[in-house]
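Single-structure report; data block below.
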Amino acid sequence: MAEIKPYHTTLSKKQEVEQMFDAIAPKYDLLNSILSFGVDKGWRKRVIRILKQLQPHSILDVATGTGDLVIAMAKSGLQAEKFIGFDLSEQMLNFGKTKIHQEGLSEKIEMVKGDGEKMPFQTGMFDAVTASFGVRNFGNLKQGLSEMHRVLRPNGDMLILEFSKPTNKLFKSLYYFYFCNVLPLIGKLVSKDARAYTYLPESVDAFPSGKDFVVILEEIGFKNIQCIPLTFGISTIYWAKK
Ligand SMILES: C[S@@+](CC[C@H](N)C(=O)[O-])C[C@H]1O[C@@H](n2cnc3c(N)ncnc32)[C@H](O)[C@@H]1O
């Protein structure tokens with residue numbers, strides 16, 4: 001898998017990714033809702049619907065960013081005692097903390113800064129681990145997935161929501177035109193970061209999706225892996241057990 005970095009400097013991918021999300025954090029939520037037409041909210045709801053079947057007591061949301069998934073979980077009526085949002089970017093977390101405070105969820109959700117490839121959590125301590133649009137940004141994908149596997153309890157569930165590649169021919173060409181031409185332009189205008197929204201389609205293109213990603217999850221040691229394509233396959237939920 002080719003390494004796709006935001007800025008092409010001498011810094012590592014991880015350092016560049018942290019820098020990029022710190023820079024775009026103030027506009028991240030706004031751009032998310034403009035660029036996805038709100039469809040991403042429905043995708044997160046699908047993840048939560050699966051979690052409701054599982055009734056986990058402790059949930060870790062890796063690469064939580066501004067916390068949209070972990071906040072939606074805590075508001076959904078899921079009865080977990082512990083919700084932790086974990087992210088590399090201090091600024092993304094700060095915006096998340098403000099939203100959590102405004103929603104009155106500060107007692108329920110803890111936001112922790114750190115690297116998903118080396119997490120400060122005990123082995124087997126979570127019933128469920130999630131990540132939405134996060135793992136594609138890991139500096140070392142397999143290391144990050146191994147960490148997600150490590151912190152899960154035996155038979156615990158991992159749910160990854162990530163961009164994938166649509167298969168329908170007509171939809172695919174329309175989608176790629178939007179994703180590779182329109183989206184980077186709006187992203188650049190609003191975020192003022194010339195690269196962040198060009199990095200997005202580039203990183204999705206280089207990232208393994210569908211069966212290719214399942215092979216990697218199997219290599220890490222995950223079992224019972226299911227792929228659930230969403231909206232013509234623009235995104236996929238990967239549901240796997242430890
Ligand atoms: C596209 S955002 C997704 C945020 C959120 N999960 C969502 O659905 O909107 C990707 C996030 O992954 C985080 N990230 C990237 N690499 C990471 C790592 N190694 N450890 C923890 N977080 C990481 C970034 O800081 C960023 O907040």
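We name chains A, B, ... following the order of the structure tokens; residues begin at 1 in each chain, and ligands are numbered from 1 as shown.
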
Within 9 Å of ligand 1, counting only C-alpha atoms and all ligand atoms, residues as a VMD selection string: chain A and resid 13 to 15 17 to 22 25 28 to 29 32 40 44 61 to 70 85 to 93 113 to 119 130 to 141 144 161 to 162 200

Residues of range 165-217 of chain A in alpha helix (DSSP H), written as a ChimeraX atom specification: /A:169-177,183-191,196-206,211-217

Could the residues in this selection be saved with N, CA and C atoms as a compact mmCIF listing (two decimals), in the first residue's frame?
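Listed below is the output, result.txt:
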```txt
# COMPACT_ATOMS: atom_id res chain seq x y z
N LYS A 169 -21.32 1.44 -11.92
CA LYS A 169 -20.53 2.20 -12.90
C LYS A 169 -20.97 3.66 -13.04
N LEU A 170 -22.28 3.87 -13.18
CA LEU A 170 -22.79 5.23 -13.40
C LEU A 170 -22.56 6.08 -12.15
N PHE A 171 -22.92 5.49 -11.02
CA PHE A 171 -22.77 6.22 -9.76
C PHE A 171 -21.29 6.55 -9.51
N LYS A 172 -20.44 5.57 -9.84
CA LYS A 172 -19.00 5.70 -9.61
C LYS A 172 -18.43 6.94 -10.31
N SER A 173 -18.82 7.15 -11.59
CA SER A 173 -18.22 8.29 -12.30
C SER A 173 -18.71 9.62 -11.74
N LEU A 174 -20.00 9.68 -11.40
CA LEU A 174 -20.52 10.91 -10.80
C LEU A 174 -19.83 11.19 -9.46
N TYR A 175 -19.73 10.09 -8.69
CA TYR A 175 -19.15 10.22 -7.36
C TYR A 175 -17.69 10.66 -7.45
N TYR A 176 -16.91 10.04 -8.32
CA TYR A 176 -15.48 10.40 -8.41
C TYR A 176 -15.31 11.83 -8.89
N PHE A 177 -16.21 12.28 -9.78
CA PHE A 177 -16.11 13.68 -10.23
C PHE A 177 -16.28 14.60 -9.01
N LEU A 183 -15.25 18.44 -4.19
CA LEU A 183 -14.97 18.40 -2.74
C LEU A 183 -13.63 19.08 -2.37
N PRO A 184 -12.52 18.81 -3.07
CA PRO A 184 -11.27 19.48 -2.71
C PRO A 184 -11.34 21.00 -2.83
N LEU A 185 -12.12 21.46 -3.82
CA LEU A 185 -12.25 22.91 -4.03
C LEU A 185 -12.98 23.57 -2.86
N ILE A 186 -14.13 22.99 -2.50
CA ILE A 186 -14.90 23.56 -1.37
C ILE A 186 -14.07 23.42 -0.08
N GLY A 187 -13.43 22.26 0.08
CA GLY A 187 -12.62 22.01 1.26
C GLY A 187 -11.52 23.05 1.41
N LYS A 188 -10.88 23.38 0.30
CA LYS A 188 -9.78 24.35 0.32
C LYS A 188 -10.30 25.75 0.66
N LEU A 189 -11.44 26.12 0.04
CA LEU A 189 -12.00 27.46 0.28
C LEU A 189 -12.39 27.65 1.73
N VAL A 190 -13.04 26.63 2.29
CA VAL A 190 -13.57 26.79 3.65
C VAL A 190 -12.48 26.56 4.71
N SER A 191 -11.67 25.52 4.53
CA SER A 191 -10.69 25.19 5.59
C SER A 191 -9.43 26.04 5.48
N ALA A 196 -5.57 19.44 2.67
CA ALA A 196 -6.37 18.49 3.46
C ALA A 196 -7.44 17.77 2.65
N TYR A 197 -8.13 18.50 1.78
CA TYR A 197 -9.24 17.87 1.07
C TYR A 197 -8.83 17.34 -0.31
N THR A 198 -7.53 17.42 -0.61
CA THR A 198 -6.97 16.70 -1.76
C THR A 198 -6.43 15.38 -1.23
N TYR A 199 -5.86 15.46 -0.01
CA TYR A 199 -5.39 14.24 0.67
C TYR A 199 -6.55 13.25 0.87
N LEU A 200 -7.76 13.78 1.12
CA LEU A 200 -8.90 12.88 1.39
C LEU A 200 -9.15 11.89 0.24
N PRO A 201 -9.43 12.36 -1.01
CA PRO A 201 -9.63 11.35 -2.08
C PRO A 201 -8.38 10.52 -2.36
N GLU A 202 -7.21 11.13 -2.22
CA GLU A 202 -5.97 10.36 -2.48
C GLU A 202 -5.83 9.22 -1.48
N SER A 203 -6.12 9.54 -0.20
CA SER A 203 -5.93 8.51 0.83
C SER A 203 -7.00 7.42 0.70
N VAL A 204 -8.21 7.80 0.26
CA VAL A 204 -9.26 6.79 0.08
C VAL A 204 -8.88 5.87 -1.09
N ASP A 205 -8.35 6.47 -2.14
CA ASP A 205 -7.99 5.68 -3.31
C ASP A 205 -6.90 4.65 -2.98
N ALA A 206 -5.96 5.06 -2.14
CA ALA A 206 -4.83 4.16 -1.83
C ALA A 206 -5.19 3.14 -0.74
N LYS A 211 -12.83 -6.69 0.35
CA LYS A 211 -12.11 -7.94 0.65
C LYS A 211 -10.65 -7.69 1.02
N ASP A 212 -10.03 -6.68 0.39
CA ASP A 212 -8.61 -6.40 0.68
C ASP A 212 -8.43 -6.00 2.15
N PHE A 213 -9.40 -5.26 2.66
CA PHE A 213 -9.30 -4.86 4.07
C PHE A 213 -9.59 -6.04 4.99
N VAL A 214 -10.53 -6.90 4.55
CA VAL A 214 -10.86 -8.09 5.36
C VAL A 214 -9.62 -8.98 5.53
N VAL A 215 -8.83 -9.11 4.46
CA VAL A 215 -7.61 -9.94 4.54
C VAL A 215 -6.67 -9.39 5.63
N ILE A 216 -6.56 -8.06 5.67
CA ILE A 216 -5.68 -7.45 6.69
C ILE A 216 -6.24 -7.70 8.09
N LEU A 217 -7.55 -7.58 8.24
CA LEU A 217 -8.15 -7.81 9.57
C LEU A 217 -7.91 -9.26 10.02
```

Residue neighbourhood Gly156 in chain A, 9 Å, only C-alpha atoms, exclusion window fewer than 2 positions, as number ranges by chain: A: 56, 124, 126-129, 149, 152-154, 158, 240-242

Among listed residues A:Asn224, A:Asn155, A:Asn94, A:Gln55, nearest Gly77 in chain A (using only C-alpha atoms):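 Ranking A:Asn224, A:Asn155, A:Asn94, A:Gln55 by distance to Gly77 in chain A, first place goes to A:Gln55.
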
Given only C-alpha atoms as the counted atoms, nearest of A:Gln102, A:Thr231, A:Asn181, A:Thr236 to Leu159 in chain A: A:Thr236

Residue nearest Trp239 in chain A among A:Leu30, A:Ile71, A:Cys180, A:Ile50 (counting only C-alpha atoms):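 Going through A:Leu30, A:Ile71, A:Cys180, A:Ile50 one by one, the smallest distance to Trp239 in chain A is for A:Ile50.
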
Pick from A:Tyr178, A:Phe222, A:Phe232, A:Phe207 nearest to Ser146 in chain A, counting only C-alpha atoms: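 Looking only at the distances to Ser146 in chain A, the closest residue turns out to be A:Phe222.
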
Test item, strand (DSSP E) assignment across range 111-242 of chain A, answer as a ChimeraX atom specification: /A:111-113,126-132,152-163,223-230,235-241

Top pick for closest residue to Ile100 in chain A, considering A:Val182, A:Leu35, A:Ile84, A:Ile48 and counting only C-alpha atoms: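 Ranked by minimum distance to Ile100 in chain A, first place goes to A:Ile84.
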
One-decimal distance in Å that lies between CA of Ser235 in chain A and CA of Ile220 in chain A: 21.6 Å

Which residue of A:Glu3, A:Glu107, A:Glu147, A:Asp193 approaches Pro120 in chain A most closely, using only C-alpha atoms: A:Glu147
